[in-house]
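So the structure is just underneath, and the comments pick up after that.
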Number of protein chains: 2
Amino acid sequence: MADLEAFFNPRSICIIGASRHKGKIGNSVLRNIINAGFHGDIYPINPKSREIAGKKCYPSVLDVNRPIDLAVITVPAETVIEVAGECGRAGVKFLIVITAGFKEIGPEGLEREKKLKKLCRKYSMRLLGPNCVGFIDMHRSLNATFSAVTPLKGNIVFISQSGAMLVSILDWSKSLGLGFSHFISLGNKADLDEADFIEQVAEDPHTKAILCYLEDVAEGRRFLEVSSKASLKKPVVIFKSGISQAGAKAASSHTGALAGSDRAYDAAFKQCGVIRVETMSELFDLAIAFSGKTLTQGRGVAIITNSGGPGIVAADCVEAKGLKMVRFSKKTISKLRTNLPAEASLYNPVDVLGDARKDRFEFSLRTILADESVNNVLVLITPLDVTEPVETAKAIVNIANDSSKPVFVCFLGGEQVKEGARILTRNSIPCYSFPEPAVNAILKVAAYTELRNKIDRKQVIKSFKVDAKTVKAVFFDAVREHRLTLLGNEAAAVAEAYGIPVAPVELARTAREAEQISSRLGFPVVLKVSSPKIIHKSDIHGVRLNLKSAEEVRKAFRDILDSAGYYLPEAPIYGVEVQPMVPEGTELIIGMNRDVQFGPLLAFGLGGIYVNLLKDVSFRLAEKLDEEEIRDMIKETRAYSLLRGYRGEKPRDMDKIIKIIARFAKLANDFPEILDMEINPLIAYEKGAAALDIKMNISELCKGGV
Amino acid sequence: MADLEAFFNPRSICIIGASRHKGKIGNSVLRNIINAGFHGDIYPINPKSREIAGKKCYPSVLDVNRPIDLAVITVPAETVIEVAGECGRAGVKFLIVITAGFKEIGPEGLEREKKLKKLCRKYSMRLLGPNCVGFIDMHRSLNATFSAVTPLKGNIVFISQSGAMLVSILDWSKSLGLGFSHFISLGNKADLDEADFIEQVAEDPHTKAILCYLEDVAEGRRFLEVSSKASLKKPVVIFKSGISQAGAKAASSHTGALAGSDRAYDAAFKQCGVIRVETMSELFDLAIAFSGKTLTQGRGVAIITNSGGPGIVAADCVEAKGLKMVRFSKKTISKLRTNLPAEASLYNPVDVLGDARKDRFEFSLRTILADESVNNVLVLITPLDVTEPVETAKAIVNIANDSSKPVFVCFLGGEQVKEGARILTRNSIPCYSFPEPAVNAILKVAAYTELRNKIDRKQVIKSFKVDAKTVKAVFFDAVREHRLTLLGNEAAAVAEAYGIPVAPVELARTAREAEQISSRLGFPVVLKVSSPKIIHKSDIHGVRLNLKSAEEVRKAFRDILDSAGYYLPEAPIYGVEVQPMVPEGTELIIGMNRDVQFGPLLAFGLGGIYVNLLKDVSFRLAEKLDEEEIRDMIKETRAYSLLRGYRGEKPRDMDKIIKIIARFAKLANDFPEILDMEINPLIAYEKGAAALDIKMNISELCKGGV
C-alpha cells in the first residue's frame, strides 16, 4: 500500500495561488482549510500579497523554508508546471492540482499533463488531480476543496471522478442530514487513482462504506486486487458511467476516460464483491443505506404501515426484488393483538391504521423486531390526520439503537414529514421518500453480506497438469505460415492439450485422405471445409453431416471444395476436417475475449446457431475465477435449467462443464497471445462433454513469444 | 357517460356528521369546504349542534328542506345506512361516504356495503366511497376531503384507490410546487369507479393529464372502453399495485380488491394507450412531466450541462432508454461557438463549463431549441461556485414559454437549488433531482404521443367468413360424451372452421384404420396417442414420427397403445391420431387464457418444447386487437428475428401468421365457452403456416349453449 499518511494527515499545507478575492478558487480553498479547523501550519503562496486571511503570505513555496507535506495548486494551467517544479525543489510530499486545462482539453493539455507527471516522478511527489475539486477529511478537520458547502460529519467516503457529482452529492446530503467521512475528487487521475484511495479508506476506522462514481478504472488488475480486499472489510458501491456510445464520447471529452467494455466491468465488480448501482439516485440511496448502524444478515422483511396502499406497493416490491415477506410466529401475532385495534392487520404487512400515533408504531416495531424470522423491518409512514412524524421518528431511533436488526423507514410526503426524516438520517436510520428505493436498499445491503461471504470463501482453482509445449508448437506452426486464425484441428489440439475433451478432428487434404481418416475414426462422419478465411462454414454449404460410407465421404469432399470455390473463390482452402458424428446433447457455448483493462473475459451460455438470438450468456473474468464462481456463472443462464434436466430429460454432467470452463480459463490466462477463442458447440451429456467446434485467433505477439 | 354534473359542480352540500371539534373528520371536511371557498349552500348536519363554523346546523338532512346536490357522510359506520336512507328521502343526488368499516373489514362490513349500494340504487343516488378521503376540484374551489394540506392549483388529476397515497402525493406535490386540478379518492368503489372519473375528466378543460393509483379495475370491459377514448385526449398514467402474491394479499385485506392477472392488466394498458408506471416515484415523476406546457413529438434529445459527469450519466441513460442523442447541424455548432468559451464542448451533450452563469445556459438553450433535429432539451445544472440557480431557472422559464419544444431540467443538489427547482415546477417546466428520472420522463412523454397516434389509427379487423356451426357441433359432441378437453382432431376441426390452416389429422380407432388413413394422407406419417387425459404425449412415448409404410404404422399403433397402457393404465384411449409429416419450419406458439376482468388473453412466441424455458412470449387481449397490434405483439418477441430470416434463412410468411392470430382471436371472442386453447407448434414457412398440434378446453357453459 502507498504511504499516504502525509496526504491524509499533513502537518503543513501551502495553497499556491491563494487569493484575497472572494469568488477566486484560491480564496475558497484557503478559507475552507482555515474554517474546517486544520491543526497544522498553513502557508498561502501568492507573489502579490503579504498576508491573506490573517496568514502570512509567501511569494513562492521556495520562500517558506519549512517542511511542507501538502501543496494545493490553484494557479492558471500555464503556470502549474512552474510552481509544481518549485514544490518539488521545496521537498513537498503531496500535490493537489485543482487547476483544469490538462488532458481533458485535448493535445495541448495532454502534453502539459505528461510534463506534470514526469515532474512528480522526478521529485517523488504524489499527485491528486489535476482538474479536481480537492479533498475533504471530516474526521481530521481538513477541507482542501473550493466547495461552497461544508458536509456533515459521518461515516461514508465518496470518491468521485467527476467534481460536479461530488459537489452535487455534498449539497444533497447536507439537505438530508447525511454525514460523510471523506470526499475525494479524483480529477484526471494522473497519479493517485481510485484504487489508491479505496485501499486506504478500507483501513480507516471512521469509514463504514466506500461509494464511488467512476468513468473508468485506471488499472484493471490493481483495481481487482484492491477492491476484492476492500469489499471484505466494508461495502464498496460503484456507479460507473460511460457505458453507452454517447456517454463514452462525452466521457472522453470530459476527463479523457477510455471506457472499457461494460461487460468486463460488470464481471469485475461482481467478482470482487463490488456493489454496482445503475443510477445516480441509487448511489445516493445506498449512501443512506450503508450509513445505517446495522448491516442485515438475511432477506426476510417485515413491514409496518399506517396505510394500505403503500403497504401493498412495498410488499409487491419485496417479492419482485427477491426478498422475502416473512411470516410472523404465533407469539408475535398474539402479542400484536394485545395492543392494536381490532381492524388492524396483524400479518405482514402490519397495518396499524390511519389513526395510529407514535405509540402503535413503537409497540409494533418492538414486537416485530423480537420475531426470529425477521431480518429487516421497513416502517412506512404516511402523514395522515393524527400521525406524529417527529415523535415517531424519535421513537424509531431509540428502538433501532437497541436492536441488532436494521430498521428502514419510508416517510411518504413532503413538508409534513421533512423534520422526521431528518431526525432519522442524522441518527443513521436509513430513511426514504418512496417504498421502492427503501426495499432496494434492503436488498443491496443483504446482497453485500452475501457477496462478502462468497468472496471470503473464494479459493484458487486446483492446479492441473497441462501440456503447454503442444500449445506453443501449434502457435509456432501457424505463425510460420502467417496465419493468426487457427484451423479447426489446430484449435482442437490446443484445447486438448489443456484437458478439454474434444471430438476428434483431423485435416484431410485429399479425398483419399478423407476416406482413410473416416475409416479410422469410424462412420458416420462429418466433413467441414478448412480455411482460415471461412468462419461460418454452414453458410457456404461447407459442412456435410452423417456420411455413412467411403463413397459418401468422397462425394462430400468434392462437393465441399466446389461450394467453397463457388462462394469464396479467393479463400485459401487447406482441405476438409473429418470428425466422427457425435450423439446429440445439450449445446453450449464457451467464449473468451481479451479486455483491455481486465484481461480475458469469459462467456458461457446456450450454444448452437441461435446464440445471438437468445443472448443467453453470462460473463466472468478469467482472473479470480473459482469453481463456485463458475457455478454462479452457469446459474445466471437459462442453459442452467436445461443442464439440470429439463422436462424429464436427464441432467447433464455439471462437474465436467465446470472443469472445462476452468481449463478454458487457465488456457486464456496462460497464453496472452490468444486474442479470442470460442467453443461452439460444446455438447454436454449425462456423463461427460465434447467440444465439437473450436475457433481461436492469436495475436502477432506470439511471433516473438515462440 | 354518467351525468356527474351535480357531483363536480354541486349547488349545495351537506356534511353529515359535521363537528365543531378539531381533529374530528366531520370538522376537517366542513372547514375544508368553507376555506376552499365553495360558492353554493353549505349545510352542516349534527343533531347535537345548532351552529358550526358560522353555519346553521340541522339535526337531520330531512330538516334542510332545500334541494341538496351532494352529501358528505362522516358519521360512524353503524349509522351510515340510516343517514344515507335519509339522504335518499331528502332527494340528495350524490353521496360521498368517507366513513370506513365496510367491505375492507370483512363479512360484517361487506354486508353493510351491500345495504348501502342497494339503498343508493333505490333512490338513484350515486356514491363515491365508502372508506375514502373525499374529493377536491381546485378549479371549482371545492375541497370535500379531510386532508390537512390544501393542494396548489394546476392541471393534473390524481385518482387514487388508496387514500394514503392521495394524502402523500398531495403533501409531496405541495412541497415541490406542483399543482393539481382534482384529487379523487375512490375508496371501496361501491358505485363510482375509476372508469367514471377517467371518462369525466378526459373532457375537463382544466385537466391536462390523468394519473391513477389502482389496486384493481372495477369492470374490465368498461375500463378498456373508457380509457382508450380518454388516452386519445390526454395522457392516462396508471400505477397498478397488487401484482405480487404478498401485495395481492395485502390489497385484499385493504380495500378488498381482487387483483387480476398482471399480464392481462399489462396488455390492457398497452392496448388502450395507458402509460403504466412501475414505481411510486415514477408516478410522481410523470405527474411533473405531464404538467409540462408542451408534449414532445419525437425521441431526439439534446443535453446542456455545466459539468461533465452528469452529462455522461444523462447521455448513457438517453441511449439505454431508446431515445436518441441528436447531432447538431453545422449552423447550430457555429452559433454555439460564437458565444461559448473555447474549452466548452459544442457537441451533444453541450458542456457550458463549471463557471457558467445564467447567460451561457440561456444562449445555449435558445440556440439548441432552434436546431431542427432537436425534439427535447434536457438542461443539467450542478450548483458550482458561480452557478446562478434562481436566475437560470427564470431564464429557462422565459425561453421554454416561447418554444414549441419541451424543456426538461435537472437540478443536481439540495438546498442550493431548491428555490430554482420550485420556480421551474410552478411554471410547468418539468424539473428533477437526478438525470435518470428526467430522461425517463422524456421517454414516457414521447411514448405517449406515439401511443396516441397508434390508438388513433386503430381499425377493426376486417371481418371474415367463419363456420360457427361446425364449432358448435364439435362442442356438442364433446359435451355429450362428458369431455371438456377436446381431442386433437376435434380441436383441429374447430381451428379449421375458423380458417386456421391445420396439418390434417384424423383419428384411427384400430390399426387397420390407421393404415387406411395413412395411405390416404400419404406417407410418411406421424402417430400420436389420442386421450383426453394425456396432455404431454411425448412424455409417455405416445408419439411416433416418420412412419414410412403400412407396416411401420401398424407396429407404431400397437406400440403406442402398449406404452399408454403401461404408463397411464387409467387413461381412456380413443385411438391414435394420424397426421402426415410436415416439412420443418419455424416453430411458434399461440395460446389463449380467459382473464376474469378482460376476457381472452392471447400469447404468442417461440414454440416447441422450450417454450417455458425461453419464456419468449408476448401478450395481448383479444378484445381491441387489430393487425398493427398483432404485428407489435410479434415484434416484442425474439421469434420476430427468426421470422424475418435469421442468419441467411428465408423470411417466414408474416402476413399469414398475423391472419392466423387474428382468426384465433376471433374464435376466442366468439366462443366464451372456450376456456383456453393453444397451438404448439404452429409451423411457419416461407409461404404459409400449419398448426400441428392444437389443445382446447371448453367449459360447462356450452352445455346450455348448444
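Residues in the C-alpha cells are named by chain (A, B, ... in the order shown) and by number from 1 within that chain; ligands are numbered from 1 in the order shown.
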With only C-alpha atoms as the counted atoms, please give the residues lying no more than 7 Å from stretch 680-693 of chain A, apart from itself and same-chain residues fewer than 2 positions off, as a list of chain:residue names. A:Gly488, A:Pro501, A:Val502, A:Ala503, A:Gly585, A:Thr586, A:Glu587, A:Leu588, A:Ile589, A:Ile590, A:Gly607, A:Gly608, A:Lys650, A:Pro651, A:Arg652, A:Asp653, A:Lys656, A:Glu678, A:Lys695
Export of the given selection (C-alpha atoms) as a CSV table (one decimal), in the first residue's frame:
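Once written, out-v4.csv looks like this:
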```csv
chain,number,residue,atom,x,y,z
A,488,GLY,CA,-10.2,-26.4,-36.6
A,501,PRO,CA,-12.4,-33.1,-24.2
A,502,VAL,CA,-12.7,-32.6,-27.9
A,503,ALA,CA,-14.4,-34.6,-30.6
A,585,GLY,CA,-26.8,-33.5,-26.3
A,586,THR,CA,-27.2,-30.0,-24.9
A,587,GLU,CA,-25.4,-27.5,-27.0
A,588,LEU,CA,-23.4,-24.9,-25.0
A,589,ILE,CA,-21.0,-22.1,-25.9
A,590,ILE,CA,-17.9,-21.0,-24.1
A,607,GLY,CA,-24.8,-22.7,-27.8
A,608,GLY,CA,-25.8,-23.6,-31.3
A,650,LYS,CA,-31.6,-36.5,-17.6
A,651,PRO,CA,-29.4,-33.9,-16.0
A,652,ARG,CA,-26.1,-33.1,-17.7
A,653,ASP,CA,-22.6,-33.5,-16.3
A,656,LYS,CA,-17.4,-31.8,-16.1
A,678,GLU,CA,-14.8,-20.0,-28.7
A,695,LYS,CA,-12.3,-21.2,-33.1
```
Identify every residue of chain A that has at least one atom within 7 Å of any atom of chain B, counting only C-alpha atoms, and report the result as a ChimeraX atom specification. /A:105,148,162,164-165,168-169,171-172,175,241-244,246-247,250-251,254,279-281,307-310,312-313,315-316,319,343,349,382-383,385,412-416,434,436,613,638
Got a sec: who's within 10 Å of stretch 548-563 of chain A, counting only C-alpha atoms, leaving out chain neighbours fewer than 2 positions off, as a compact mmCIF listing (two decimals) with N, CA and C atoms, in the first residue's frame?
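See out_19.txt below for the written result:
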```txt
# COMPACT_ATOMS: atom_id res chain seq x y z
N ALA A 508 -8.00 -33.48 -43.68
CA ALA A 508 -7.74 -34.29 -44.87
C ALA A 508 -7.49 -33.34 -46.04
N ARG A 509 -6.37 -33.54 -46.72
CA ARG A 509 -6.06 -32.61 -47.81
C ARG A 509 -6.56 -33.15 -49.15
N THR A 510 -6.82 -34.44 -49.18
CA THR A 510 -7.35 -35.05 -50.41
C THR A 510 -8.55 -35.92 -50.05
N ALA A 511 -9.31 -36.27 -51.07
CA ALA A 511 -10.47 -37.14 -50.88
C ALA A 511 -10.01 -38.48 -50.32
N ARG A 512 -8.89 -38.93 -50.84
CA ARG A 512 -8.31 -40.21 -50.40
C ARG A 512 -8.05 -40.18 -48.89
N GLU A 513 -7.37 -39.09 -48.46
CA GLU A 513 -7.07 -38.93 -47.03
C GLU A 513 -8.37 -38.90 -46.21
N ALA A 514 -9.37 -38.21 -46.73
CA ALA A 514 -10.64 -38.11 -46.02
C ALA A 514 -11.24 -39.50 -45.81
N GLU A 515 -11.17 -40.30 -46.85
CA GLU A 515 -11.68 -41.68 -46.74
C GLU A 515 -10.93 -42.46 -45.67
N GLN A 516 -9.61 -42.33 -45.71
CA GLN A 516 -8.78 -43.08 -44.75
C GLN A 516 -9.07 -42.65 -43.32
N ILE A 517 -9.13 -41.34 -43.11
CA ILE A 517 -9.40 -40.84 -41.75
C ILE A 517 -10.78 -41.32 -41.29
N SER A 518 -11.75 -41.23 -42.21
CA SER A 518 -13.11 -41.64 -41.86
C SER A 518 -13.14 -43.09 -41.40
N SER A 519 -12.45 -43.94 -42.16
CA SER A 519 -12.44 -45.36 -41.80
C SER A 519 -11.83 -45.52 -40.42
N GLY A 522 -14.19 -44.04 -37.81
CA GLY A 522 -15.45 -44.80 -37.78
C GLY A 522 -16.60 -44.01 -38.32
N PHE A 523 -17.39 -44.63 -39.19
CA PHE A 523 -18.57 -43.98 -39.76
C PHE A 523 -19.69 -43.96 -38.72
N PRO A 524 -20.69 -43.08 -38.83
CA PRO A 524 -20.75 -41.96 -39.78
C PRO A 524 -19.85 -40.80 -39.35
N VAL A 525 -19.48 -39.96 -40.34
CA VAL A 525 -18.60 -38.81 -40.04
C VAL A 525 -19.23 -37.52 -40.57
N VAL A 526 -18.57 -36.43 -40.17
CA VAL A 526 -18.94 -35.10 -40.65
C VAL A 526 -17.74 -34.53 -41.39
N LEU A 527 -17.97 -33.86 -42.49
CA LEU A 527 -16.89 -33.15 -43.18
C LEU A 527 -17.16 -31.64 -43.13
N LYS A 528 -16.10 -30.88 -42.82
CA LYS A 528 -16.25 -29.42 -42.79
C LYS A 528 -15.08 -28.81 -43.53
N VAL A 529 -15.35 -27.78 -44.30
CA VAL A 529 -14.29 -27.11 -45.04
C VAL A 529 -13.29 -26.52 -44.06
N SER A 530 -12.01 -26.53 -44.40
CA SER A 530 -10.98 -25.97 -43.53
C SER A 530 -10.29 -24.81 -44.24
N LYS A 537 -19.09 -21.78 -41.67
CA LYS A 537 -18.94 -22.82 -42.69
C LYS A 537 -20.28 -23.25 -43.29
N ILE A 540 -21.83 -21.31 -46.40
CA ILE A 540 -21.40 -21.54 -47.79
C ILE A 540 -21.51 -23.02 -48.15
N HIS A 541 -22.37 -23.75 -47.44
CA HIS A 541 -22.55 -25.19 -47.66
C HIS A 541 -21.24 -25.94 -47.52
N GLY A 542 -20.48 -25.55 -46.53
CA GLY A 542 -19.17 -26.17 -46.31
C GLY A 542 -19.18 -27.29 -45.27
N VAL A 543 -20.37 -27.74 -44.90
CA VAL A 543 -20.48 -28.81 -43.90
C VAL A 543 -21.38 -29.92 -44.44
N ARG A 544 -20.94 -31.18 -44.32
CA ARG A 544 -21.79 -32.32 -44.70
C ARG A 544 -21.87 -33.28 -43.51
N LEU A 545 -23.10 -33.60 -43.14
CA LEU A 545 -23.32 -34.41 -41.94
C LEU A 545 -23.61 -35.86 -42.28
N ASN A 546 -23.38 -36.72 -41.29
CA ASN A 546 -23.89 -38.08 -41.32
C ASN A 546 -23.48 -38.89 -42.56
N GLY A 565 -15.22 -23.06 -53.61
CA GLY A 565 -14.70 -22.39 -54.79
C GLY A 565 -15.74 -21.46 -55.40
N TYR A 566 -16.99 -21.88 -55.31
CA TYR A 566 -18.06 -21.11 -55.91
C TYR A 566 -18.36 -19.85 -55.10
N TYR A 567 -18.50 -20.04 -53.75
CA TYR A 567 -18.90 -18.91 -52.91
C TYR A 567 -17.74 -17.98 -52.56
N LEU A 568 -16.58 -18.58 -52.30
CA LEU A 568 -15.45 -17.75 -51.86
C LEU A 568 -14.20 -18.14 -52.63
N PRO A 569 -14.19 -17.79 -53.91
CA PRO A 569 -13.07 -18.25 -54.75
C PRO A 569 -11.70 -17.76 -54.24
N ILE A 573 -7.98 -22.75 -49.31
CA ILE A 573 -8.60 -23.94 -48.73
C ILE A 573 -7.51 -24.92 -48.32
N GLY A 575 -8.16 -27.86 -46.99
CA GLY A 575 -8.66 -29.21 -47.11
C GLY A 575 -9.99 -29.31 -46.39
N VAL A 576 -10.25 -30.48 -45.81
CA VAL A 576 -11.53 -30.71 -45.16
C VAL A 576 -11.27 -31.37 -43.81
N GLU A 577 -11.97 -30.88 -42.79
CA GLU A 577 -11.84 -31.52 -41.48
C GLU A 577 -12.80 -32.70 -41.40
N VAL A 578 -12.29 -33.81 -40.87
CA VAL A 578 -13.12 -35.01 -40.71
C VAL A 578 -13.34 -35.24 -39.22
N MET A 581 -19.42 -38.36 -36.24
CA MET A 581 -20.70 -37.83 -35.77
C MET A 581 -20.78 -38.09 -34.27
```
Residues of stretch 13-209 of chain B classed as helix (DSSP H, G or I) by DSSP on the backbone are to be reported as number ranges by chain. B: 25-35, 61-63, 77-89, 103-105, 107-123, 138-140, 163-176, 194-201
Next, write the just-selected residues to a file, as an mmCIF file, in the first residue's frame, keeping C-alpha atoms as the atom set.
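In the end it all went to out-v1.cif:
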```cif
data_model
loop_
_atom_site.group_PDB
_atom_site.id
_atom_site.type_symbol
_atom_site.label_atom_id
_atom_site.label_comp_id
_atom_site.auth_asym_id
_atom_site.auth_seq_id
_atom_site.Cartn_x
_atom_site.Cartn_y
_atom_site.Cartn_z
ATOM 1 C CA ILE B 25 -63.152 14.247 10.403
ATOM 2 C CA GLY B 26 -66.524 15.983 10.308
ATOM 3 C CA ASN B 27 -64.795 19.144 11.413
ATOM 4 C CA SER B 28 -61.977 18.913 8.880
ATOM 5 C CA VAL B 29 -64.354 18.310 5.984
ATOM 6 C CA LEU B 30 -66.585 21.239 6.878
ATOM 7 C CA ARG B 31 -63.631 23.578 7.311
ATOM 8 C CA ASN B 32 -62.062 22.460 4.037
ATOM 9 C CA ILE B 33 -65.309 23.109 2.176
ATOM 10 C CA ILE B 34 -65.641 26.554 3.687
ATOM 11 C CA ASN B 35 -61.962 27.519 3.372
ATOM 12 C CA VAL B 61 -80.743 16.134 6.269
ATOM 13 C CA LEU B 62 -84.507 15.814 6.231
ATOM 14 C CA ASP B 63 -84.744 19.086 8.109
ATOM 15 C CA ALA B 77 -70.119 3.100 10.198
ATOM 16 C CA GLU B 78 -73.061 1.858 12.250
ATOM 17 C CA THR B 79 -75.190 4.878 11.391
ATOM 18 C CA VAL B 80 -74.189 5.325 7.751
ATOM 19 C CA ILE B 81 -77.108 3.275 6.402
ATOM 20 C CA GLU B 82 -79.579 5.292 8.419
ATOM 21 C CA VAL B 83 -78.327 8.720 7.326
ATOM 22 C CA ALA B 84 -77.876 7.533 3.747
ATOM 23 C CA GLY B 85 -81.551 6.492 3.788
ATOM 24 C CA GLU B 86 -82.460 9.960 4.968
ATOM 25 C CA CYS B 87 -80.395 11.435 2.140
ATOM 26 C CA GLY B 88 -82.346 9.299 -0.298
ATOM 27 C CA ARG B 89 -85.609 10.527 1.047
ATOM 28 C CA LYS B 103 -66.019 -4.485 2.843
ATOM 29 C CA GLU B 104 -62.389 -3.804 3.780
ATOM 30 C CA ILE B 105 -63.011 -5.150 7.303
ATOM 31 C CA PRO B 107 -68.073 -10.117 6.223
ATOM 32 C CA GLU B 108 -69.847 -7.672 8.529
ATOM 33 C CA GLY B 109 -68.605 -4.678 6.565
ATOM 34 C CA LEU B 110 -69.389 -6.355 3.260
ATOM 35 C CA GLU B 111 -72.993 -6.784 4.371
ATOM 36 C CA ARG B 112 -73.137 -3.108 5.300
ATOM 37 C CA GLU B 113 -71.698 -2.132 1.939
ATOM 38 C CA LYS B 114 -74.294 -4.216 0.105
ATOM 39 C CA LYS B 115 -77.072 -2.458 2.015
ATOM 40 C CA LEU B 116 -75.581 0.933 1.176
ATOM 41 C CA LYS B 117 -75.420 0.060 -2.526
ATOM 42 C CA LYS B 118 -78.978 -1.194 -2.545
ATOM 43 C CA LEU B 119 -80.160 1.960 -0.867
ATOM 44 C CA CYS B 120 -78.326 4.150 -3.378
ATOM 45 C CA ARG B 121 -79.887 2.238 -6.260
ATOM 46 C CA LYS B 122 -83.317 2.596 -4.698
ATOM 47 C CA TYR B 123 -83.072 6.375 -4.530
ATOM 48 C CA MET B 138 -59.294 23.040 -7.488
ATOM 49 C CA HIS B 139 -60.868 24.933 -10.360
ATOM 50 C CA ARG B 140 -64.315 24.957 -8.802
ATOM 51 C CA GLY B 163 -56.442 7.403 0.477
ATOM 52 C CA ALA B 164 -52.958 7.407 1.968
ATOM 53 C CA MET B 165 -51.369 7.559 -1.465
ATOM 54 C CA LEU B 166 -53.516 10.568 -2.198
ATOM 55 C CA VAL B 167 -52.562 12.348 1.012
ATOM 56 C CA SER B 168 -48.920 11.553 0.434
ATOM 57 C CA ILE B 169 -48.847 12.838 -3.161
ATOM 58 C CA LEU B 170 -50.701 15.919 -2.001
ATOM 59 C CA ASP B 171 -48.106 16.773 0.642
ATOM 60 C CA TRP B 172 -45.234 15.929 -1.659
ATOM 61 C CA SER B 173 -46.589 17.943 -4.599
ATOM 62 C CA LYS B 174 -47.139 20.998 -2.467
ATOM 63 C CA SER B 175 -43.565 20.967 -1.217
ATOM 64 C CA LEU B 176 -42.344 20.856 -4.825
ATOM 65 C CA GLU B 194 -62.022 4.852 -11.927
ATOM 66 C CA ALA B 195 -63.754 4.493 -15.297
ATOM 67 C CA ASP B 196 -66.468 7.005 -14.336
ATOM 68 C CA PHE B 197 -63.915 9.608 -13.366
ATOM 69 C CA ILE B 198 -61.469 8.961 -16.190
ATOM 70 C CA GLU B 199 -64.352 9.415 -18.614
ATOM 71 C CA GLN B 200 -65.364 12.642 -16.933
ATOM 72 C CA VAL B 201 -62.014 14.372 -16.529
#
```
Looking only at strand (DSSP E or B) from DSSP on the backbone, list the matching residues of stretch 318-369 of chain A as JSON, numbers by chain. {"A": [324, 325, 345, 350, 351]}
Using only C-alpha atoms, which protein or nucleic acid residues come within 10 Å of B:Phe38? Drop anything in the same chain fewer than 2 positions from it, and give the result as a PyMOL selection string. chain B and resi 9-13+32-36+40-42+140-144
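In terms of minimum interatomic distance to A:Gly420, A:Val390 ranks closest within A:Val97, A:Val390, A:Ala53, A:Ala438, counting only C-alpha atoms.
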Near A:Gly599, within 12 Å and counting only C-alpha atoms, which residues show up once chain neighbours fewer than 2 positions away are dropped, as number ranges by chain? A: 219-222, 224, 260-261, 264-265, 267-268, 592-597, 601-602, 620-624, 665, 668-676
Using only C-alpha atoms, which of B:Pro580, B:Leu346, B:Thr470, B:Cys431 sits nearest B:Leu547?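 Smallest separation from B:Leu547 among the options: B:Pro580.
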In terms of the shortest atom-to-atom distance over only C-alpha atoms, which of A:Ile303, A:Ala90, A:Ala662, A:Cys14 is closest to A:Tyr498? A:Ala662
Applying 9 Å and only C-alpha atoms, which residues near A:Ile210 remain after dropping the ones on its own chain fewer than 4 positions away? List them as JSON, numbers by chain. {"A": [156, 157, 158, 159, 198, 201, 202, 230, 231, 234, 235, 236, 237, 238, 287, 290]}
Atom CA of A:Val133 to atom CA of A:Phe8, straight-line distance in Å: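 Distance between the two atoms: 15.8 Å.
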Quote the spacing between atom CA of B:Glu5 and atom CA of B:Ile98 in Å to one decimal place. 20.4 Å
Which distance in Å separates atom CA of A:Arg452 and atom CA of A:Asp626, to one decimal? 15.0 Å
